[in-house]
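Just below is one structure, and these are the notes that go with it.
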Amino acid sequence: MGRLRALRRMRKRAIKDYEHALERTYQKVGKDFEKAAQGKGRPSANKEYAKITAKVEAKYQRKNARQQRRREAADLRERETGTRQSPGVMIAKIAGGLLFFAVGVSPSEGGFSLEVFLVGAIIGLALITWGLLPFLAGRHRKAKEVESARHQFEQENAPAVCPACGAPTKGIICEYCGTPLNKSSCKP
C-alpha cells in the first residue's frame, strides 16, 4: 500500500512539475506566447511556441525515463536480494551506526558519561538495525518463497497412493492389494 501511495505521489509531482515548467515558459515568452497557443499572433510566435513546448515535453519525457530506470533497477535489486535498498545505502547506515556506537561507548576526557553512552548506543543500534533489517527481512522472505516452491513441487510430483492400502501406485491397479484405481480415488 505504501509503495502504491508513493508512486501516486510521484506521478502527481511529475504532473505538477510539468505544468509549472510550461507556466514558467509562458512567462518567459510573454503575451505572444499566449496568442500563439490560441493560434493567433505572428507566425514567428507560433514557431517559438512549438519549439519551446517541444523542449519542455522532451525534458519531461527524459525525467520520466530516468525515474522509470531507477524503479526498474530497484525492482531488479528487490528480486535478486529481497530488498529495495542498494548495498551502498545499507553499508552507509551500518557504518554510521557503528560510528555513533563507538563514540557513545568510548570514554571521554571527563570520565564515563551515562547520557553520552545512552544517546550513542541508541542512535548507533537504531542505524545498524535500520540498515540490516530490510536485508534480513528480504532473506527471510526469499527463504519462505523457496520453501513454498519446493513444497509445491513435491506435492505436484508426489506419486499417487492407493486409498485401500496406502502403497504408492503406478498404473490403474494397485500392485500390492489389487484394488482397481481411478485418478480421482488416488491421493497424492
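Residues in the C-alpha cells are named by chain (A, B, ... in the order shown) and by number from 1 within that chain; ligands are numbered from 1 in the order shown.
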
(message) Just want the 9 Å neighbourhood of Leu127 in chain A, counted on only C-alpha atoms, with same-chain residues fewer than 6 positions away dropped. Output as number ranges by chain.
(response) A: 93-98, 100

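Residues in contact with range 135-152 of chain A at up to 10 Å, not including ones fewer than 6 positions away on its chain and judged by only C-alpha atoms, are A:Glu78, A:Arg79, A:Glu80, A:Thr81, A:Gly82, A:Thr83, A:Arg84, A:Gln85, A:Ser86, A:Pro87, A:Met90, A:Thr129, A:Ala158.
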
(request) Tell me, in Å to one decimal, how far CA of His20 in chain A is from CA of Glu72 in chain A. (result) 26.8 Å

(request) Check range 48-132 of chain A with DSSP on the backbone and list each residue it calls alpha helix (DSSP H), as a ChimeraX atom specification. (result) /A:48-81,87-105,114-132

Same residues, C-alpha atoms, output as a compact mmCIF listing (two decimals), in the first residue's frame:
# COMPACT_ATOMS: atom_id res chain seq x y z
CA GLU A 48 8.62 29.77 -30.97
CA TYR A 49 5.66 28.27 -29.11
CA ALA A 50 6.08 24.93 -30.83
CA LYS A 51 9.84 24.90 -30.25
CA ILE A 52 9.60 25.72 -26.52
CA THR A 53 6.72 23.30 -25.94
CA ALA A 54 8.73 20.55 -27.63
CA LYS A 55 11.72 21.32 -25.39
CA VAL A 56 9.60 21.21 -22.25
CA GLU A 57 7.95 17.95 -23.27
CA ALA A 58 11.32 16.38 -24.15
CA LYS A 59 12.66 17.39 -20.73
CA TYR A 60 9.57 15.90 -19.08
CA GLN A 61 9.96 12.63 -21.02
CA ARG A 62 13.67 12.37 -20.09
CA LYS A 63 12.77 12.87 -16.44
CA ASN A 64 10.09 10.14 -16.63
CA ALA A 65 12.52 7.78 -18.38
CA ARG A 66 15.13 8.40 -15.67
CA GLN A 67 12.59 7.69 -12.92
CA GLN A 68 11.45 4.54 -14.74
CA ARG A 69 15.06 3.27 -14.98
CA ARG A 70 15.51 3.86 -11.23
CA ARG A 71 12.30 1.98 -10.46
CA GLU A 72 13.33 -0.92 -12.70
CA ALA A 73 16.75 -1.07 -11.05
CA ALA A 74 15.12 -1.14 -7.60
CA ASP A 75 12.69 -3.86 -8.73
CA LEU A 76 15.56 -5.94 -10.11
CA ARG A 77 17.53 -5.45 -6.89
CA GLU A 78 14.46 -6.48 -4.89
CA ARG A 79 14.04 -9.66 -6.97
CA GLU A 80 17.71 -10.58 -6.58
CA THR A 81 18.40 -9.63 -2.97
CA PRO A 87 24.20 -2.19 -0.89
CA GLY A 88 25.86 1.23 -0.66
CA VAL A 89 22.96 2.65 1.34
CA MET A 90 22.95 -0.38 3.61
CA ILE A 91 26.70 -0.10 4.26
CA ALA A 92 26.41 3.65 4.91
CA LYS A 93 23.67 3.11 7.50
CA ILE A 94 25.64 0.38 9.25
CA ALA A 95 28.88 2.41 9.19
CA GLY A 96 27.08 5.44 10.64
CA GLY A 97 25.56 3.26 13.34
CA LEU A 98 28.94 1.78 14.24
CA LEU A 99 30.42 5.28 14.41
CA PHE A 100 27.70 6.51 16.76
CA PHE A 101 28.00 3.37 18.85
CA ALA A 102 31.80 3.72 19.09
CA VAL A 103 31.53 7.39 20.11
CA GLY A 104 28.94 6.53 22.76
CA VAL A 105 30.97 3.67 24.20
CA LEU A 114 25.82 7.83 31.00
CA GLU A 115 23.94 10.32 28.79
CA VAL A 116 26.55 10.18 26.03
CA PHE A 117 26.64 6.39 26.25
CA LEU A 118 22.84 6.05 26.02
CA VAL A 119 22.46 8.50 23.13
CA GLY A 120 25.36 6.97 21.17
CA ALA A 121 24.23 3.41 21.83
CA ILE A 122 20.57 4.09 20.98
CA ILE A 123 21.30 6.02 17.78
CA GLY A 124 24.02 3.55 16.77
CA LEU A 125 21.88 0.48 17.30
CA ALA A 126 18.94 2.16 15.56
CA LEU A 127 21.06 2.92 12.47
CA ILE A 128 22.53 -0.58 12.41
CA THR A 129 19.05 -2.07 12.70
CA TRP A 130 17.71 0.29 10.03
CA GLY A 131 20.48 -0.85 7.68
CA LEU A 132 20.25 -4.58 8.41

(message) One decimal, in Å: what's the spacing between CA of Glu175 in chain A and CA of Val161 in chain A?
(response) 11.0 Å

(message) Applying 12 Å and only C-alpha atoms, which residues near Leu181 in chain A remain after dropping the ones on its own chain fewer than 4 positions away? List them as a list in words.
(response) Ala160, Val161, Cys162, Pro163, Ala164, Cys165, Ala167, Pro168, Thr169, Lys170, Gly171, Ile172, Ile173, Cys174, Glu175, Cys177, Ser185, Cys186 and Lys187 of chain A

(message) For a test of reading the model, state the distance in Å between CA of Arg9 in chain A and CA of Pro134 in chain A, rounded to one decimal.
(response)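 For CA of Arg9 in chain A relative to CA of Pro134 in chain A, the distance reads 22.8 Å.
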